[in-house]
$ cat run29.txt   # compact mmCIF, C-alpha atoms
# COMPACT_ATOMS: atom_id res chain seq x y z
CA THR L 1 0.00 0.00 0.00
CA LYS L 2 1.32 3.43 -0.95
CA LEU L 3 0.12 6.65 0.69
CA CYS L 4 0.34 9.74 -1.54
CA MET L 5 -0.07 12.98 0.39
CA PHE L 6 0.20 16.73 -0.28
CA VAL L 7 1.10 18.88 2.74
CA VAL L 8 0.87 22.67 2.36
CA LEU L 9 3.41 24.42 4.58
CA THR L 10 2.60 28.10 4.01
CA GLY L 11 0.26 30.35 2.07
CA HIS L 12 3.22 32.24 0.62
CA ALA L 13 6.62 31.61 -0.94
CA ILE L 14 9.50 30.72 1.41
CA GLU L 15 13.27 30.82 1.28
CA GLY L 16 13.44 27.03 1.40
CA LEU L 17 12.84 23.77 3.26
CA LEU L 18 15.72 22.71 5.52
CA ARG L 19 14.63 19.44 7.16
CA VAL L 20 11.73 16.99 7.35
CA ARG L 21 11.05 14.93 10.47
CA PHE L 22 9.03 11.76 10.89
CA ASN L 23 8.20 11.70 14.60
CA ASP L 24 11.59 12.56 16.17
CA THR L 25 13.70 11.29 13.26
CA VAL L 26 15.21 13.74 10.76
CA ILE L 27 14.96 12.27 7.26
CA THR L 28 18.42 11.86 5.76
CA HIS L 29 19.05 11.97 2.02
CA SER L 30 21.79 12.50 -0.54
CA GLU L 31 19.86 14.82 -2.87
CA THR L 32 19.69 18.61 -2.48
CA ILE L 33 16.18 19.84 -1.67
CA ALA L 34 14.96 21.94 -4.61
CA ASN L 35 11.72 22.46 -6.51
CA ASP L 36 10.53 19.27 -8.24
CA THR L 37 13.54 17.23 -7.07
CA THR L 38 12.67 13.78 -5.69
CA ILE L 39 14.24 13.22 -2.27
CA ASN L 40 14.72 9.60 -1.14
CA ALA L 41 14.95 8.82 2.58
CA THR L 42 18.17 6.95 3.38
CA ASN L 43 17.50 6.26 7.08
CA THR L 44 17.64 2.56 7.91
CA ALA L 45 14.38 3.14 9.76
CA PHE L 46 12.72 3.77 6.38
CA ILE L 47 14.39 1.04 4.29
CA ASN L 48 13.29 -2.57 3.92
CA THR L 49 14.51 -4.57 0.93
CA ASN L 50 12.16 -7.40 1.88
CA ASN L 51 9.12 -5.24 1.15
CA SER L 52 8.11 -6.05 -2.43
CA ASN L 53 6.39 -2.67 -2.76
CA ASN L 54 9.53 -0.65 -2.00
CA MET L 55 10.46 2.22 -4.33
CA GLY L 56 13.93 0.90 -5.17
CA SER L 57 16.79 -0.20 -2.91
CA GLY L 58 14.25 -0.94 -0.18
CA ARG L 59 13.20 2.69 0.18
CA LEU L 60 9.85 3.29 1.82
CA VAL L 61 9.71 7.11 1.90
CA ARG L 62 10.30 9.82 -0.67
CA PHE L 63 9.11 13.38 -1.11
CA VAL L 64 9.28 16.45 -3.33
CA ALA L 65 9.34 19.98 -1.86
CA PHE L 66 8.31 23.28 -3.44
CA ASP L 67 9.12 26.78 -2.13
CA GLY L 68 6.09 28.59 -3.58
CA SER L 69 7.78 29.92 -6.71
CA GLN L 70 6.76 26.89 -8.79
CA THR L 71 4.87 27.41 -12.05
CA ALA L 72 4.04 23.75 -12.80
CA ARG L 73 2.69 20.66 -11.07
CA CYS L 74 4.84 18.09 -9.28
CA THR L 75 6.35 15.69 -11.82
CA LEU L 76 6.47 12.76 -9.38
CA ALA L 77 2.84 13.27 -8.33
CA ALA L 78 1.70 13.47 -11.94
CA SER L 79 3.61 10.29 -12.77
CA THR L 80 2.17 8.37 -9.80
CA LEU L 81 -1.38 9.72 -9.70
CA GLY L 82 -2.00 10.53 -13.36
CA ASN L 83 -3.70 13.50 -14.99
CA THR L 84 -7.09 12.86 -13.37
CA PHE L 85 -5.87 13.26 -9.80
CA CYS L 86 -3.01 15.61 -10.63
CA PRO L 87 -3.93 17.79 -13.65
CA THR L 88 -1.61 20.43 -15.08
CA THR L 89 -3.47 23.07 -13.04
CA HIS L 90 -2.42 21.34 -9.79
CA LYS L 91 0.32 23.90 -9.09
CA PHE L 92 -0.37 25.18 -5.54
CA THR L 93 0.50 28.66 -6.83
CA ASP L 94 2.27 30.87 -4.26
CA CYS L 95 2.13 28.09 -1.66
CA ALA L 96 5.09 26.15 -0.26
CA TYR L 97 4.22 22.46 -0.06
CA VAL L 98 5.61 18.94 0.11
CA TYR L 99 4.35 15.88 -1.79
CA PHE L 100 5.01 12.54 0.00
CA GLU L 101 4.94 8.92 -1.10
CA ILE L 102 5.06 6.48 1.81
CA ILE L 103 4.99 2.69 1.55
CA TYR L 104 3.21 0.79 4.32
CA ASP L 105 5.57 -1.60 6.05
CA ALA L 106 4.54 -3.74 9.01
CA GLU L 107 8.03 -3.53 10.48
CA LYS L 108 9.29 -0.04 9.60
CA VAL L 109 6.35 2.25 8.70
CA ASN L 110 3.15 0.80 10.12
CA THR L 111 1.43 4.04 11.18
CA LEU L 112 1.19 7.54 9.77
CA PRO L 113 4.08 9.42 11.40
CA ASN L 114 3.89 12.84 13.01
CA ILE L 115 5.46 14.98 10.27
CA SER L 116 7.17 18.28 11.03
CA PHE L 117 9.39 20.66 9.08
CA ASP L 118 12.24 23.14 9.55
CA ILE L 119 11.91 25.94 7.02
CA LYS L 120 13.34 29.32 6.19
CA GLY L 121 10.17 31.33 6.01
CA LYS L 122 8.76 34.24 4.09
CA LYS L 123 10.92 36.80 2.31
CA VAL L 124 10.25 40.26 3.75
CA TYR L 125 11.06 43.80 2.65
CA ASP L 126 13.82 45.66 4.49
CA PRO L 127 13.40 49.47 4.26
CA ARG L 128 17.05 49.93 5.31
CA THR L 129 18.40 48.26 2.18
CA GLY L 130 15.45 48.14 -0.20
CA ASN L 131 15.94 44.36 -0.54
CA THR L 132 13.41 41.57 -0.06
CA ALA L 133 14.86 38.44 1.57
CA TYR L 134 14.30 35.91 4.32
CA SER L 135 14.69 37.38 7.81
CA PHE L 136 13.75 36.48 11.38
CA ASN L 137 13.99 40.14 12.42
CA PRO L 138 10.71 40.81 14.32
CA ALA L 139 10.48 44.43 13.14
CA LEU L 140 10.66 43.39 9.49
CA CYS L 141 8.17 40.54 10.05
CA ILE L 142 5.72 42.93 11.72
CA ARG L 143 6.13 45.43 8.89
CA ASP L 144 5.50 42.68 6.34
CA TYR L 145 2.33 41.51 8.09
CA LEU L 146 0.99 45.06 8.29
CA THR L 147 1.43 45.57 4.53
CA ASP L 148 0.60 42.06 3.27
CA THR L 149 -2.41 42.35 0.95
CA THR L 150 -3.37 38.65 1.07
CA TYR L 151 -3.18 37.58 4.72
CA GLY L 152 -2.08 40.75 6.50
CA LEU L 153 -3.66 44.07 7.39
CA LYS L 154 -3.22 45.61 3.90
CA ALA L 155 -1.70 48.83 5.26
CA LEU L 156 -0.37 51.23 2.61
CA SER L 157 3.36 51.93 2.50
CA SER L 158 2.49 55.55 3.28
CA GLU L 159 1.05 54.33 6.60
CA ILE L 160 4.37 52.81 7.71
CA ASN L 161 6.87 54.95 9.62
CA ASP L 162 10.06 54.24 7.69
CA THR L 163 11.59 57.69 8.25
CA SER L 164 14.85 57.51 10.20
CA GLY L 165 15.11 59.98 13.03
CA ILE L 166 11.40 59.96 13.81
CA GLY L 167 10.40 58.05 16.93
CA GLY L 168 8.94 54.62 16.31
CA ASN L 169 10.41 54.18 12.83
CA PHE L 170 10.81 50.61 11.60
CA PRO L 171 14.46 50.88 10.45
CA ALA L 172 15.51 51.86 13.97
CA ALA L 173 13.44 49.05 15.47
CA ALA L 174 15.05 46.57 13.06
CA ASN L 175 18.51 47.79 14.04
CA THR L 176 17.71 47.37 17.72
CA CYS L 177 16.56 43.79 17.13
CA GLU L 178 19.90 42.99 15.51
CA VAL L 179 22.09 44.34 18.30
CA ASP L 180 24.37 41.52 19.45
CA ALA L 181 23.54 39.95 22.79
CA ALA L 182 25.94 37.65 24.63
CA SER L 183 24.90 34.03 24.56
CA PHE L 184 26.01 30.83 26.24
CA GLY L 185 29.47 29.71 25.20
CA GLY L 186 30.53 33.20 24.23
CA VAL L 187 28.65 33.11 20.91
CA SER L 188 26.76 36.32 20.13
CA GLU L 189 23.28 36.41 18.66
CA ASP L 190 20.64 38.98 17.82
CA THR L 191 18.80 40.49 20.76
CA TYR L 192 15.39 39.68 19.29
CA THR L 193 14.32 37.13 16.69
CA ALA L 194 10.92 35.86 15.54
CA ASN L 195 10.83 32.11 14.96
CA GLY L 196 7.39 30.56 14.64
CA PHE L 197 4.28 30.18 12.56
CA THR L 198 0.58 30.98 12.60
CA ASN L 199 -2.47 29.51 10.91
CA PHE L 200 -5.15 30.96 8.67
CA SER L 201 -7.74 31.01 11.44
CA ALA L 202 -5.72 33.38 13.64
CA SER L 203 -6.99 36.93 14.04
CA GLY L 204 -4.90 39.87 12.86
CA GLU L 205 -4.63 41.08 16.44
CA GLY L 206 -3.41 37.67 17.57
CA VAL L 207 -0.71 37.52 14.89
CA ILE L 208 0.53 41.02 15.77
CA GLU L 209 0.56 40.20 19.50
CA GLY L 210 2.62 37.08 18.85
CA LEU L 211 5.19 38.98 16.79
CA LEU L 212 5.35 41.81 19.32
CA SER L 213 5.99 39.32 22.12
CA SER L 214 9.19 38.24 20.36
CA CYS L 215 10.71 41.71 20.69
CA ALA L 216 8.96 43.14 23.79
CA GLY L 217 7.40 45.54 21.32
CA LYS L 218 4.59 48.07 21.24
CA LEU L 219 2.76 49.12 18.07
CA THR L 220 1.00 52.46 17.78
CA TYR L 221 -0.96 54.23 15.05
CA THR L 222 -0.38 57.98 15.27
CA ASN L 223 -0.99 60.71 12.69
CA GLY L 224 -1.80 58.11 10.05
CA LYS L 225 1.38 56.07 10.65
CA PHE L 226 2.15 52.72 12.24
CA ASN L 227 5.04 53.07 14.69
CA LEU L 228 7.01 50.28 16.34
CA PHE L 229 8.90 50.50 19.63
CA VAL L 230 10.88 47.39 20.62
CA GLY L 231 12.23 46.52 24.06
CA ALA L 232 15.06 49.01 24.42
CA ALA L 233 15.66 52.42 25.96
CA GLN L 234 14.29 55.27 23.84
CA THR L 235 15.70 58.79 23.64
CA PRO L 236 13.07 61.18 25.09
CA SER L 237 11.76 63.72 22.60
CA LEU L 238 10.47 66.06 25.31
CA THR L 239 10.37 66.43 29.08
CA ILE L 240 7.07 66.81 30.95
CA THR L 241 7.14 68.91 34.14
CA ASP L 242 4.55 70.28 36.58
CA ASP L 243 4.28 73.34 34.36
CA ASP L 244 2.61 71.19 31.69
CA LEU L 245 -0.30 70.19 33.96
CA LEU L 246 -3.66 71.75 33.04
CA ALA L 247 -5.04 71.35 36.56
CA PRO L 248 -3.85 70.32 40.02
CA LEU L 249 -3.42 66.61 40.70
CA SER L 250 -6.31 64.75 42.34
CA ILE L 251 -5.97 61.43 44.14
CA GLU L 252 -8.69 58.82 44.59
CA THR L 253 -8.16 55.86 46.96

$ encode --input "run29.txt" --output "structure tokens"
Amino acid sequence: TKLCMFVVLTGHAIEGLLRVRFNDTVITHSETIANDTTINATNTAFINTNNSNNMGSGRLVRFVAFDGSQTARCTLAASTLGNTFCPTTHKFTDCAYVYFEIIYDAEKVNTLPNISFDIKGKKVYDPRTGNTAYSFNPALCIRDYLTDTTYGLKALSSEINDTSGIGGNFPAAANTCEVDAASFGGVSEDTYTANGFTNFSASGEGVIEGLLSSCAGKLTYTNGKFNLFVGAAQTPSLTITDDDLLAPLSIET
């Protein structure tokens, strides 16, 4: 028995798939993961030459990964399933996904494993450089979600505070996130990083709160602009004294 399965990872293009796990086992392979390249599991846990249904050399597991930039269907899926189940329109446009073929084996693969993935996620725009690339910088991820027109809040670029020197600007927040912080073993790492995922049922507020939690951040909307303040000391723009009070203080217990 062969199980053929499509697993969608994200609703957007990604930098790439790094690893696939079956339960707690990382699938090993000799091929480089790339769009429409068949990857054969080489773990002894997924090889049984005595299984007459094996896919060559006793292999019980293989998969093909796509990063969301694909413009055609999966060749392996089309070959196995045929045009009826996998027509030429079966492209998963703008979605990163993995197609699996798993052979049932009473000794090695007798249940559907818990499948998980390590990926480099969405490419985001960096206003400091003008480039769009993968990043785990929370400020850039928040900016991307605010402006995303498919799954995000669809904010206009004119609503984003990208002006250096003005409090709450995203370039400054991104710089703060990338300040080196001492780590165990003397290895430095960024002060704040965002490493996680969300699903399509999450509310916009929930997604923003999750991203803000990764950088101790606060998001404001002032004078038609989104502003981001991450967890770091800010230079005061003015000083408030008693002379600024409109009326005497009142205290209620």

$ atom_distance --input "run29.txt" --atom1 "atom CA of L:Phe197" --atom2 "atom CA of L:Tyr145"
12.3 Å

$ residues_around --input "run29.txt" --residues "stretch 141-144 of chain L" --least-positions-apart "3" --cutoff "10 Å" --atoms "all atoms listed in the file" --output "ChimeraX atom specification"
/L:122-127,134-138,147-149,152-155,157,160-162,170,174,193-194,207-212,219,226-228

$ atom_distance --input "run29.txt" --atom1 "atom CA of L:Lys2" --atom2 "atom CA of L:Asn54"
9.2 Å

$ atom_distance --input "run29.txt" --atom1 "atom CA of L:Val26" --atom2 "atom CA of L:Ala13"
23.0 Å

$ closest_residue --input "run29.txt" --among "L:Val109, L:Thr1, L:His12, L:Gly168" --to "L:Asn43" --atoms "all atoms listed in the file"
L:Val109

$ residues_near_point --input "run29.txt" --point "(2.5, 0.1, -0.2)" --cutoff "10 Å" --atoms "only C-alpha atoms" --output "PDB file with C-alpha atoms, in the frame of the given file"
ATOM      1  CA  THR L   1       0.000   0.000   0.000  1.00  0.00           C
ATOM      2  CA  LYS L   2       1.320   3.430  -0.950  1.00  0.00           C
ATOM      3  CA  LEU L   3       0.120   6.650   0.690  1.00  0.00           C
ATOM      4  CA  CYS L   4       0.340   9.740  -1.540  1.00  0.00           C
ATOM      5  CA  ASN L  51       9.120  -5.240   1.150  1.00  0.00           C
ATOM      6  CA  SER L  52       8.110  -6.050  -2.430  1.00  0.00           C
ATOM      7  CA  ASN L  53       6.390  -2.670  -2.760  1.00  0.00           C
ATOM      8  CA  ASN L  54       9.530  -0.650  -2.000  1.00  0.00           C
ATOM      9  CA  MET L  55      10.460   2.220  -4.330  1.00  0.00           C
ATOM     10  CA  LEU L  60       9.850   3.290   1.820  1.00  0.00           C
ATOM     11  CA  GLU L 101       4.940   8.920  -1.100  1.00  0.00           C
ATOM     12  CA  ILE L 102       5.060   6.480   1.810  1.00  0.00           C
ATOM     13  CA  ILE L 103       4.990   2.690   1.550  1.00  0.00           C
ATOM     14  CA  TYR L 104       3.210   0.790   4.320  1.00  0.00           C
ATOM     15  CA  ASP L 105       5.570  -1.600   6.050  1.00  0.00           C
ATOM     16  CA  VAL L 109       6.350   2.250   8.700  1.00  0.00           C
TER      17      VAL L 109
END

$ axis_aligned_box --input "run29.txt" --around "stretch 27-45 of chain L" --padding-each-side "4 Å" --output "AutoDock Vina command-line options"
--center_x 16.2 --center_y 12.5 --center_z 0.8 --size_x 19.3 --size_y 27.9 --size_z 26.0

$ residues_around --input "run29.txt" --residues "L:Ala216" --least-positions-apart "4" --cutoff "9 Å" --atoms "only C-alpha atoms" --output "list of chain:residue names"
L:Tyr192, L:Leu211, L:Leu212, L:Phe229, L:Val230, L:Gly231, L:Ala232

$ closest_residue --input "run29.txt" --among "L:Tyr221, L:Phe85, L:Phe200, L:Phe66" --to "L:Leu17" --atoms "all atoms listed in the file"
L:Phe66

$ residues_around --input "run29.txt" --residues "L:Gly165" --least-positions-apart "6" --cutoff "12 Å" --atoms "all atoms listed in the file" --output "list in words"
Pro171, Ala172, Ala173, Gln234, Thr235 and Ser237 of chain L

$ write_last_selection --input "run29.txt" --atoms "C-alpha atoms" --output "compact mmCIF listing (two decimals), in the frame of the given file"
# COMPACT_ATOMS: atom_id res chain seq x y z
CA PRO L 171 14.46 50.88 10.45
CA ALA L 172 15.51 51.86 13.97
CA ALA L 173 13.44 49.05 15.47
CA GLN L 234 14.29 55.27 23.84
CA THR L 235 15.70 58.79 23.64
CA SER L 237 11.76 63.72 22.60

$ closest_residue --input "run29.txt" --among "L:Phe46, L:Val7, L:Glu159, L:Glu31" --to "L:Asn223" --atoms "all atoms listed in the file"
L:Glu159

$ residues_near_point --input "run29.txt" --point "(9.6, 27.9, 9.6)" --cutoff "8 Å" --atoms "only C-alpha atoms" --output "ChimeraX atom specification"
/L:117-121,195-197

$ closest_residue --input "run29.txt" --among "L:Cys215, L:Val64, L:Ala78, L:Ala247" --to "L:Thr37" --atoms "all atoms listed in the file"
L:Val64

$ closest_residue --input "run29.txt" --among "L:Glu252, L:Asp243, L:Glu15, L:Asp190" --to "L:Ala96" --atoms "only C-alpha atoms"
L:Glu15

$ build_atoms --input "run29.txt" --residues "stretch 231-244 of chain L" --atoms "N, CA and C atoms" --output "PDB file, in the coordinates of the input"
ATOM      1  N   GLY L 231      11.774  46.474  22.676  1.00  0.00           N
ATOM      2  CA  GLY L 231      12.230  46.520  24.060  1.00  0.00           C
ATOM      3  C   GLY L 231      13.637  47.055  24.207  1.00  0.00           C
ATOM      4  N   ALA L 232      13.763  48.356  24.218  1.00  0.00           N
ATOM      5  CA  ALA L 232      15.060  49.010  24.420  1.00  0.00           C
ATOM      6  C   ALA L 232      14.804  50.436  24.868  1.00  0.00           C
ATOM      7  N   ALA L 233      15.806  51.040  25.501  1.00  0.00           N
ATOM      8  CA  ALA L 233      15.660  52.420  25.960  1.00  0.00           C
ATOM      9  C   ALA L 233      15.485  53.349  24.768  1.00  0.00           C
ATOM     10  N   GLN L 234      14.557  54.302  24.895  1.00  0.00           N
ATOM     11  CA  GLN L 234      14.290  55.270  23.840  1.00  0.00           C
ATOM     12  C   GLN L 234      14.766  56.654  24.280  1.00  0.00           C
ATOM     13  N   THR L 235      15.281  57.418  23.338  1.00  0.00           N
ATOM     14  CA  THR L 235      15.700  58.790  23.640  1.00  0.00           C
ATOM     15  C   THR L 235      14.463  59.667  23.769  1.00  0.00           C
ATOM     16  N   PRO L 236      14.258  60.334  24.931  1.00  0.00           N
ATOM     17  CA  PRO L 236      13.070  61.180  25.090  1.00  0.00           C
ATOM     18  C   PRO L 236      13.056  62.320  24.087  1.00  0.00           C
ATOM     19  N   SER L 237      11.892  62.603  23.553  1.00  0.00           N
ATOM     20  CA  SER L 237      11.760  63.720  22.600  1.00  0.00           C
ATOM     21  C   SER L 237      11.324  64.997  23.297  1.00  0.00           C
ATOM     22  N   LEU L 238      10.820  64.879  24.526  1.00  0.00           N
ATOM     23  CA  LEU L 238      10.470  66.060  25.310  1.00  0.00           C
ATOM     24  C   LEU L 238      10.401  65.664  26.780  1.00  0.00           C
ATOM     25  N   THR L 239      10.432  66.658  27.642  1.00  0.00           N
ATOM     26  CA  THR L 239      10.370  66.430  29.080  1.00  0.00           C
ATOM     27  C   THR L 239       9.108  67.080  29.631  1.00  0.00           C
ATOM     28  N   ILE L 240       8.312  66.319  30.365  1.00  0.00           N
ATOM     29  CA  ILE L 240       7.070  66.810  30.950  1.00  0.00           C
ATOM     30  C   ILE L 240       7.336  67.195  32.416  1.00  0.00           C
ATOM     31  N   THR L 241       6.977  68.416  32.772  1.00  0.00           N
ATOM     32  CA  THR L 241       7.140  68.910  34.140  1.00  0.00           C
ATOM     33  C   THR L 241       5.778  69.333  34.694  1.00  0.00           C
ATOM     34  N   ASP L 242       5.793  69.805  35.959  1.00  0.00           N
ATOM     35  CA  ASP L 242       4.550  70.280  36.580  1.00  0.00           C
ATOM     36  C   ASP L 242       3.948  71.446  35.807  1.00  0.00           C
ATOM     37  N   ASP L 243       4.780  72.188  35.111  1.00  0.00           N
ATOM     38  CA  ASP L 243       4.280  73.340  34.360  1.00  0.00           C
ATOM     39  C   ASP L 243       3.367  72.929  33.208  1.00  0.00           C
ATOM     40  N   ASP L 244       3.435  71.662  32.809  1.00  0.00           N
ATOM     41  CA  ASP L 244       2.610  71.190  31.690  1.00  0.00           C
ATOM     42  C   ASP L 244       1.239  70.710  32.145  1.00  0.00           C
TER      43      ASP L 244
END
